[in-house]
Amino acid sequence: MKAFIITGPTSGIGYATALELAKHGVVILVGRNPDKLKKVQSTIETAGGKAIPVVCDIADMTSVSKASQQIISLGLPVAGLLNNAGIMPAKPSKTAQGWDNTFATNHLGPFAFTEQLAPQLPDGANILFVASAIEDPDRRPAKIMGMKGGRYISAQASARGEWMAGGAKMPGIDAYATSKQCILASALAFAREDRRLHYNAVEPGITRGTNLGGESTNAFVRFLFGHLMAAIPPFSNYSSTPARSAKVITRILMDDTGKTGIYFDEKGRPMDASQLVRDISFQDRVVAETRTLLSTLTYG
Ligand SMILES: NC(=O)c1ccc[n+]([C@@H]2O[C@H](COP(=O)([O-])OP(=O)(O)OC[C@H]3O[C@@H](n4cnc5c(N)ncnc54)[C@H](OP(=O)(O)O)[C@@H]3O)[C@@H](O)[C@H]2O)c1
């Protein structure tokens with residue numbers, strides 16, 4: 001029986017995907033809240049599936065390292081890894097390592113988790129990153145909202161919570177867009193570097209009914225992302241639901257035709273990343289700087 005690893009399976013897109021993946025194999029549920037993980041496990045097992053909870057705060061690199069070791073020691077035949085956990089808070093905060101929480105949760109954590117697990121995964125395993133089109137300053141919905149795309153200076157600067165000047169007025173958006181830009185660029189670089197495994201990314205669409213932005217103290221931002229954007233054009237052209245995203249994501253994770261280096265849209269069709277992310281030298285710079293930053297840590 002196949003196994004799948006999923007981060008952030010306790011709400012929204014991740015929850016719906018965990019239930020969908022459980023129809024195809026054992027699901028390793030990676031999340032920060034043990035009680036929530038148990039609930040998801042119980043839902044899956046009541047429906048006849050099998051799930052294994054692994055507690056991990058993806059923003060804390062020590063926790064990431066422990067979780068990846070725990071998963072490797074399970075010795076399961078992993079067919080797919082979904083890096084889904086993500087946040088979009090309005091207010092900045094710091095992680096255990098003193099790094100920007102949004103950048104650590106959305107980029108550094110999944111990057112480190114993937115690099116620790118990848119050498120142990122079977123040939124041909126699919127690794128998928130949940131990205132966001134908010135990274136692209138030319139994307140129509142983002143433009144209308146006054147978003148300015150990723151504001152990358154360097155990995156070090158992002159870890160300090162610093163973004164290139166001239167960004168979005170809405171709080172928390174530059175951190176979110178930059179972190180998503182970095183993980184998307186990394187996914188495309190990994191696909192070029194490692195031909196043994198398959199690395200892809202997905203933009204799930206403007207997905208209502210999730211908790212994204214729930215950490216935000218800004219009720220307007222919550223409302224905007226939760227409901228409004230999914231209902232009115234042109235945003236509704238890109239809208240989705242957790243159940244629909246789960247189907248698209250599961251199809252990509254189950255694919256056995258060797259697709260790699262593809263950025264999928266909310267319907268599972270290939271889409272273009274921003275001009276910057278399509279630049280191979282930018283992808284390689286993000287990966288090199290992220291590795292240098294992570295190498296400053298020693299794991300206990
Ligand atoms: N919703 C959209 O419109 C949209 C659009 C583009 C991209 N995305 C991306 O889709 C992904 C899923 O988002 P969603 O909309 O489904 O949001 P969500 O309902 O808030 O789900 C986020 C998941 O990530 C987990 N998580 C957050 N921080 C974590 C941490 N430090 N360690 C471990 N797990 C953590 C959450 O766990 P808890 O339950 O413990 O909080 C939850 O399971 C994210 O990467 C998001 O950026 C969403």
# chains A, B, ... in the order shown; residues from 1 in each chain; ligands from 1
call {"tool": "closest_atom_pairs", "arguments": {"of": "chain A", "to": "ligand 1", "cutoff": "6 Å", "atoms": "only C-alpha atoms and all ligand atoms", "output": "CSV"}}
result
residue,atom,partner,partner_atom_place_in_ligand_line,distance
A:Gly8,CA,ligand 1,43 (O),3.3
A:Pro9,CA,ligand 1,43 (O),4.7
A:Thr10,CA,ligand 1,43 (O),3.9
A:Ser11,CA,ligand 1,19 (O),4.3
A:Gly12,CA,ligand 1,16 (O),3.4
A:Ile13,CA,ligand 1,16 (O),3.8
A:Gly14,CA,ligand 1,16 (O),5.5
A:Gly31,CA,ligand 1,33 (C),4.4
A:Arg32,CA,ligand 1,33 (C),4.4
A:Asn33,CA,ligand 1,40 (O),5.1
A:Cys56,CA,ligand 1,33 (C),5.7
A:Asp57,CA,ligand 1,32 (N),3.6
A:Ile58,CA,ligand 1,32 (N),3.9
A:Ala59,CA,ligand 1,31 (N),4.5
A:Asn84,CA,ligand 1,45 (O),4.6
A:Ala85,CA,ligand 1,24 (O),3.3
A:Gly86,CA,ligand 1,45 (O),3.6
A:Ile87,CA,ligand 1,27 (C),5.4
A:Thr105,CA,ligand 1,31 (N),5.4
A:Val130,CA,ligand 1,45 (O),5.2
A:Ala131,CA,ligand 1,7 (C),5.5
A:Ser132,CA,ligand 1,6 (C),4.3
A:Glu203,CA,ligand 1,6 (C),5.7
A:Pro204,CA,ligand 1,6 (C),5.3
A:Gly205,CA,ligand 1,5 (C),5.2
A:Ile206,CA,ligand 1,3 (O),3.7
A:Thr207,CA,ligand 1,3 (O),3.7
A:Thr210,CA,ligand 1,19 (O),3.8
A:Asn211,CA,ligand 1,20 (O),3.6
A:Leu212,CA,ligand 1,20 (O),3.7
call {"tool": "select_by_dssp", "arguments": {"residues": "region 113-287 of chain A", "states": "strand (DSSP E)", "output": "PyMOL selection string"}}
result
chain A and resi 126-130+198-202+206-207+239-240+263-264
call {"tool": "write_last_selection", "arguments": {"atoms": "N, CA, C and O atoms", "output": "tab-separated table (two decimals), in the first residue's frame"}}
result
chain	number	residue	atom	x	y	z
A	126	ASN	N	6.41	11.69	-5.87
A	126	ASN	CA	5.97	13.05	-6.23
A	126	ASN	C	6.02	13.97	-5.03
A	126	ASN	O	5.44	13.66	-3.99
A	127	ILE	N	6.67	15.10	-5.20
A	127	ILE	CA	6.71	16.11	-4.13
A	127	ILE	C	6.00	17.35	-4.67
A	127	ILE	O	6.36	17.87	-5.73
A	128	LEU	N	4.98	17.78	-3.95
A	128	LEU	CA	4.16	18.89	-4.44
A	128	LEU	C	4.12	20.00	-3.40
A	128	LEU	O	3.95	19.74	-2.20
A	129	PHE	N	4.28	21.24	-3.86
A	129	PHE	CA	4.26	22.41	-2.99
A	129	PHE	C	3.01	23.24	-3.29
A	129	PHE	O	2.74	23.53	-4.46
A	130	VAL	N	2.30	23.63	-2.25
A	130	VAL	CA	1.15	24.51	-2.46
A	130	VAL	C	1.68	25.94	-2.46
A	130	VAL	O	2.11	26.47	-1.44
A	198	HIS	N	10.07	13.66	-8.46
A	198	HIS	CA	9.32	14.63	-9.27
A	198	HIS	C	8.82	15.76	-8.37
A	198	HIS	O	8.15	15.51	-7.37
A	199	TYR	N	9.17	16.97	-8.74
A	199	TYR	CA	8.84	18.15	-7.95
A	199	TYR	C	7.92	19.06	-8.74
A	199	TYR	O	8.27	19.49	-9.85
A	200	ASN	N	6.76	19.36	-8.19
A	200	ASN	CA	5.82	20.26	-8.86
A	200	ASN	C	5.21	21.21	-7.83
A	200	ASN	O	5.41	21.03	-6.62
A	201	ALA	N	4.50	22.21	-8.33
A	201	ALA	CA	3.83	23.16	-7.43
A	201	ALA	C	2.41	23.36	-7.94
A	201	ALA	O	2.11	23.11	-9.12
A	202	VAL	N	1.54	23.79	-7.03
A	202	VAL	CA	0.15	24.04	-7.42
A	202	VAL	C	-0.34	25.34	-6.80
A	202	VAL	O	-0.02	25.65	-5.65
A	206	ILE	N	-8.41	30.75	-5.49
A	206	ILE	CA	-8.93	31.53	-4.36
A	206	ILE	C	-9.96	30.64	-3.69
A	206	ILE	O	-11.05	30.41	-4.23
A	207	THR	N	-9.58	30.08	-2.56
A	207	THR	CA	-10.35	28.99	-1.97
A	207	THR	C	-11.09	29.44	-0.72
A	207	THR	O	-10.45	29.75	0.30
A	239	SER	N	-11.66	30.92	-8.59
A	239	SER	CA	-12.10	30.42	-7.28
A	239	SER	C	-12.15	28.89	-7.24
A	239	SER	O	-12.30	28.22	-8.26
A	240	SER	N	-12.02	28.39	-6.02
A	240	SER	CA	-12.10	26.94	-5.83
A	240	SER	C	-12.65	26.67	-4.43
A	240	SER	O	-12.95	27.59	-3.68
A	263	TYR	N	4.15	23.89	-12.77
A	263	TYR	CA	3.35	24.72	-11.85
A	263	TYR	C	1.91	24.61	-12.35
A	263	TYR	O	1.61	25.01	-13.47
A	264	PHE	N	1.05	24.00	-11.54
A	264	PHE	CA	-0.33	23.73	-11.95
A	264	PHE	C	-1.27	24.81	-11.40
A	264	PHE	O	-1.07	25.31	-10.29
call {"tool": "closest_residue", "arguments": {"among": "A:Met164, A:Leu294, A:Val78, A:Ala22", "to": "Leu108 (chain A)", "atoms": "only C-alpha atoms"}}
result
A:Leu294
call {"tool": "select_by_dssp", "arguments": {"residues": "region 78-242 of chain A", "states": "alpha helix (DSSP H)", "output": "ChimeraX atom specification"}}
result
/A:101-103,109-117,140-144,155-159,173-193,219-223,229-231,242
call {"tool": "closest_residue", "arguments": {"among": "A:Val277, A:Ala189, A:Ala246, A:Leu21", "to": "Gly150 (chain A)", "atoms": "only C-alpha atoms"}}
result
A:Val277
call {"tool": "atom_distance", "arguments": {"atom1": "CA of Asp279 (chain A)", "atom2": "CA of Asn106 (chain A)"}}
result
20.7 Å
call {"tool": "closest_atom_pairs", "arguments": {"of": "region 126-178 of chain A", "to": "region 265-274 of chain A", "cutoff": "10 Å", "atoms": "only C-alpha atoms", "output": "tab-separated table"}}
result
residue	atom	partner	partner_atom	distance
A:Ala131	CA	A:Asp265	CA	9.8
A:Ser132	CA	A:Asp265	CA	9.5
A:Ala133	CA	A:Ala273	CA	7.4
A:Ile134	CA	A:Ser274	CA	9.4
A:Glu135	CA	A:Ser274	CA	6.9
A:Asp136	CA	A:Ser274	CA	4.6
A:Pro137	CA	A:Ser274	CA	7.2
A:Asp138	CA	A:Ser274	CA	7.2
A:Arg139	CA	A:Ser274	CA	8.0
A:Gly149	CA	A:Ser274	CA	8.5
A:Gly150	CA	A:Ser274	CA	9.2
call {"tool": "residues_around", "arguments": {"residues": "Gln97 (chain A)", "least_positions_apart": "6", "cutoff": "9 Å", "atoms": "only C-alpha atoms", "output": "count of residues only"}}
result
5
call {"tool": "atom_distance", "arguments": {"atom1": "CA of Leu82 (chain A)", "atom2": "CA of Ala168 (chain A)"}}
result
28.7 Å
call {"tool": "closest_residue", "arguments": {"among": "A:Ala79, A:Leu74, A:Ile6, A:Val55", "to": "Pro110 (chain A)", "atoms": "only C-alpha atoms"}}
result
A:Ile6
call {"tool": "closest_residue", "arguments": {"among": "A:Ser281, A:Ala125, A:Gln69, A:Met1", "to": "Leu253 (chain A)", "atoms": "only C-alpha atoms"}}
result
A:Ala125
call {"tool": "atom_distance", "arguments": {"atom1": "CA of Arg196 (chain A)", "atom2": "CA of Gln116 (chain A)"}}
result
15.1 Å
call {"tool": "residues_around", "arguments": {"residues": "His107 (chain A)", "least_positions_apart": "2", "cutoff": "7 Å", "atoms": "only C-alpha atoms", "output": "PyMOL selection string"}}
result
chain A and resi 103-105+109-111+179-180+182-183
call {"tool": "closest_residue", "arguments": {"among": "A:Ala90, A:Leu117, A:Ala112, A:Ile232", "to": "Lys169 (chain A)", "atoms": "only C-alpha atoms"}}
result
A:Ala90
call {"tool": "residues_around", "arguments": {"residues": "Ile153 (chain A)", "least_positions_apart": "4", "cutoff": "12 Å", "atoms": "only C-alpha atoms", "output": "NGL selection string"}}
result
:A and (157-165 or 174-175 or 178-179 or 181-182 or 282 or 285-286 or 289)
call {"tool": "residues_around", "arguments": {"residues": "Glu20 (chain A)", "least_positions_apart": "4", "cutoff": "9 Å", "atoms": "only C-alpha atoms", "output": "JSON, numbers by chain"}}
result
{"A": [15, 16, 24, 243, 246, 247, 250]}
call {"tool": "write_last_selection", "arguments": {"atoms": "N, CA, C and O atoms", "output": "JSON list (two decimals), in the first residue's frame"}}
result
[["chain", "number", "residue", "atom", "x", "y", "z"],
["A", 15, "TYR", "N", -7.00, 19.50, 4.94],
["A", 15, "TYR", "CA", -7.95, 18.55, 5.54],
["A", 15, "TYR", "C", -8.69, 17.78, 4.44],
["A", 15, "TYR", "O", -8.74, 16.54, 4.46],
["A", 16, "ALA", "N", -9.22, 18.52, 3.49],
["A", 16, "ALA", "CA", -9.95, 17.86, 2.38],
["A", 16, "ALA", "C", -9.03, 16.91, 1.62],
["A", 16, "ALA", "O", -9.44, 15.82, 1.21],
["A", 24, "HIS", "N", -6.47, 6.29, -1.10],
["A", 24, "HIS", "CA", -5.44, 5.68, -1.95],
["A", 24, "HIS", "C", -4.25, 5.12, -1.18],
["A", 24, "HIS", "O", -3.33, 4.59, -1.78],
["A", 243, "ALA", "N", -12.62, 20.97, -1.38],
["A", 243, "ALA", "CA", -12.90, 19.65, -1.99],
["A", 243, "ALA", "C", -12.38, 19.58, -3.43],
["A", 243, "ALA", "O", -11.80, 18.58, -3.84],
["A", 246, "ALA", "N", -8.62, 19.46, -3.38],
["A", 246, "ALA", "CA", -8.18, 18.13, -2.95],
["A", 246, "ALA", "C", -8.12, 17.17, -4.13],
["A", 246, "ALA", "O", -7.21, 16.35, -4.24],
["A", 247, "LYS", "N", -9.10, 17.25, -5.01],
["A", 247, "LYS", "CA", -9.13, 16.36, -6.19],
["A", 247, "LYS", "C", -7.94, 16.64, -7.10],
["A", 247, "LYS", "O", -7.27, 15.73, -7.57],
["A", 250, "THR", "N", -4.66, 15.57, -5.36],
["A", 250, "THR", "CA", -4.54, 14.10, -5.29],
["A", 250, "THR", "C", -4.15, 13.54, -6.65],
["A", 250, "THR", "O", -3.31, 12.65, -6.75]]
call {"tool": "decode", "arguments": {"residues": "region 4-90 of chain A", "atoms": "C-alpha atoms", "output": "PDB file, in the first residue's frame"}}
result
ATOM      1  CA  PHE A   4       1.438   9.940   1.468  1.00  0.00           C
ATOM      2  CA  ILE A   5       2.836  12.684   3.693  1.00  0.00           C
ATOM      3  CA  ILE A   6       0.809  15.849   4.104  1.00  0.00           C
ATOM      4  CA  THR A   7       1.594  18.947   6.142  1.00  0.00           C
ATOM      5  CA  GLY A   8      -1.256  21.075   7.455  1.00  0.00           C
ATOM      6  CA  PRO A   9      -3.986  18.386   7.267  1.00  0.00           C
ATOM      7  CA  THR A  10      -6.049  19.899  10.085  1.00  0.00           C
ATOM      8  CA  SER A  11      -8.067  22.452   8.129  1.00  0.00           C
ATOM      9  CA  GLY A  12      -9.002  23.846   4.732  1.00  0.00           C
ATOM     10  CA  ILE A  13      -7.334  22.438   1.633  1.00  0.00           C
ATOM     11  CA  GLY A  14      -5.062  20.122   3.648  1.00  0.00           C
ATOM     12  CA  TYR A  15      -7.949  18.552   5.545  1.00  0.00           C
ATOM     13  CA  ALA A  16      -9.950  17.861   2.383  1.00  0.00           C
ATOM     14  CA  THR A  17      -6.826  16.469   0.693  1.00  0.00           C
ATOM     15  CA  ALA A  18      -5.961  14.202   3.631  1.00  0.00           C
ATOM     16  CA  LEU A  19      -9.436  12.619   3.387  1.00  0.00           C
ATOM     17  CA  GLU A  20      -9.073  12.232  -0.376  1.00  0.00           C
ATOM     18  CA  LEU A  21      -5.557  10.751  -0.163  1.00  0.00           C
ATOM     19  CA  ALA A  22      -6.720   8.277   2.482  1.00  0.00           C
ATOM     20  CA  LYS A  23      -8.751   6.552  -0.265  1.00  0.00           C
ATOM     21  CA  HIS A  24      -5.444   5.679  -1.952  1.00  0.00           C
ATOM     22  CA  GLY A  25      -3.091   4.774   0.885  1.00  0.00           C
ATOM     23  CA  VAL A  26      -1.767   5.434   4.387  1.00  0.00           C
ATOM     24  CA  VAL A  27      -1.678   9.139   5.200  1.00  0.00           C
ATOM     25  CA  ILE A  28       1.053  10.576   7.406  1.00  0.00           C
ATOM     26  CA  LEU A  29      -0.560  13.640   8.988  1.00  0.00           C
ATOM     27  CA  VAL A  30       2.023  16.300   9.848  1.00  0.00           C
ATOM     28  CA  GLY A  31       0.685  19.125  12.005  1.00  0.00           C
ATOM     29  CA  ARG A  32       1.405  21.282  15.025  1.00  0.00           C
ATOM     30  CA  ASN A  33      -1.683  20.497  17.109  1.00  0.00           C
ATOM     31  CA  PRO A  34      -1.851  16.913  18.495  1.00  0.00           C
ATOM     32  CA  ASP A  35      -5.572  17.083  19.318  1.00  0.00           C
ATOM     33  CA  LYS A  36      -6.504  18.298  15.846  1.00  0.00           C
ATOM     34  CA  LEU A  37      -4.292  15.588  14.299  1.00  0.00           C
ATOM     35  CA  LYS A  38      -6.033  12.897  16.358  1.00  0.00           C
ATOM     36  CA  LYS A  39      -9.418  14.131  15.175  1.00  0.00           C
ATOM     37  CA  VAL A  40      -8.376  13.914  11.511  1.00  0.00           C
ATOM     38  CA  GLN A  41      -6.866  10.471  12.141  1.00  0.00           C
ATOM     39  CA  SER A  42     -10.097   9.310  13.729  1.00  0.00           C
ATOM     40  CA  THR A  43     -12.209  10.663  10.826  1.00  0.00           C
ATOM     41  CA  ILE A  44     -10.001   8.806   8.332  1.00  0.00           C
ATOM     42  CA  GLU A  45      -9.971   5.567  10.315  1.00  0.00           C
ATOM     43  CA  THR A  46     -13.736   5.642  10.920  1.00  0.00           C
ATOM     44  CA  ALA A  47     -14.124   5.729   7.139  1.00  0.00           C
ATOM     45  CA  GLY A  48     -11.883   2.637   6.861  1.00  0.00           C
ATOM     46  CA  GLY A  49      -8.579   4.358   6.026  1.00  0.00           C
ATOM     47  CA  LYS A  50      -5.290   4.490   7.887  1.00  0.00           C
ATOM     48  CA  ALA A  51      -3.484   7.590   9.182  1.00  0.00           C
ATOM     49  CA  ILE A  52      -0.382   8.220  11.290  1.00  0.00           C
ATOM     50  CA  PRO A  53      -0.076  11.538  13.132  1.00  0.00           C
ATOM     51  CA  VAL A  54       3.328  13.233  13.384  1.00  0.00           C
ATOM     52  CA  VAL A  55       3.504  16.362  15.507  1.00  0.00           C
ATOM     53  CA  CYS A  56       5.548  19.099  13.834  1.00  0.00           C
ATOM     54  CA  ASP A  57       5.684  22.864  13.931  1.00  0.00           C
ATOM     55  CA  ILE A  58       6.850  23.472  10.378  1.00  0.00           C
ATOM     56  CA  ALA A  59       8.102  26.958  11.339  1.00  0.00           C
ATOM     57  CA  ASP A  60      10.505  25.502  13.926  1.00  0.00           C
ATOM     58  CA  MET A  61      13.497  23.870  12.251  1.00  0.00           C
ATOM     59  CA  THR A  62      14.254  21.620  15.238  1.00  0.00           C
ATOM     60  CA  SER A  63      10.701  20.290  15.127  1.00  0.00           C
ATOM     61  CA  VAL A  64      10.990  19.795  11.342  1.00  0.00           C
ATOM     62  CA  SER A  65      14.164  17.783  11.780  1.00  0.00           C
ATOM     63  CA  LYS A  66      12.589  15.533  14.452  1.00  0.00           C
ATOM     64  CA  ALA A  67       9.473  14.976  12.344  1.00  0.00           C
ATOM     65  CA  SER A  68      11.426  14.017   9.234  1.00  0.00           C
ATOM     66  CA  GLN A  69      13.487  11.511  11.254  1.00  0.00           C
ATOM     67  CA  GLN A  70      10.292  10.067  12.733  1.00  0.00           C
ATOM     68  CA  ILE A  71       8.772   9.697   9.262  1.00  0.00           C
ATOM     69  CA  ILE A  72      11.898   8.071   7.821  1.00  0.00           C
ATOM     70  CA  SER A  73      11.922   5.564  10.701  1.00  0.00           C
ATOM     71  CA  LEU A  74       8.394   4.446   9.740  1.00  0.00           C
ATOM     72  CA  GLY A  75       9.946   2.888   6.623  1.00  0.00           C
ATOM     73  CA  LEU A  76       6.788   3.324   4.537  1.00  0.00           C
ATOM     74  CA  PRO A  77       6.760   3.329   0.708  1.00  0.00           C
ATOM     75  CA  VAL A  78       6.025   7.041   0.266  1.00  0.00           C
ATOM     76  CA  ALA A  79       4.503   7.826  -3.122  1.00  0.00           C
ATOM     77  CA  GLY A  80       3.863  11.502  -2.444  1.00  0.00           C
ATOM     78  CA  LEU A  81       4.743  14.410  -0.168  1.00  0.00           C
ATOM     79  CA  LEU A  82       2.430  17.428  -0.044  1.00  0.00           C
ATOM     80  CA  ASN A  83       3.876  20.609   1.449  1.00  0.00           C
ATOM     81  CA  ASN A  84       0.597  22.361   2.174  1.00  0.00           C
ATOM     82  CA  ALA A  85       0.861  24.022   5.626  1.00  0.00           C
ATOM     83  CA  GLY A  86       0.868  27.796   5.300  1.00  0.00           C
ATOM     84  CA  ILE A  87      -0.091  31.041   6.996  1.00  0.00           C
ATOM     85  CA  MET A  88      -0.918  34.618   6.013  1.00  0.00           C
ATOM     86  CA  PRO A  89      -0.978  36.644   9.233  1.00  0.00           C
ATOM     87  CA  ALA A  90      -1.350  40.418   9.183  1.00  0.00           C
TER      88      ALA A  90
END
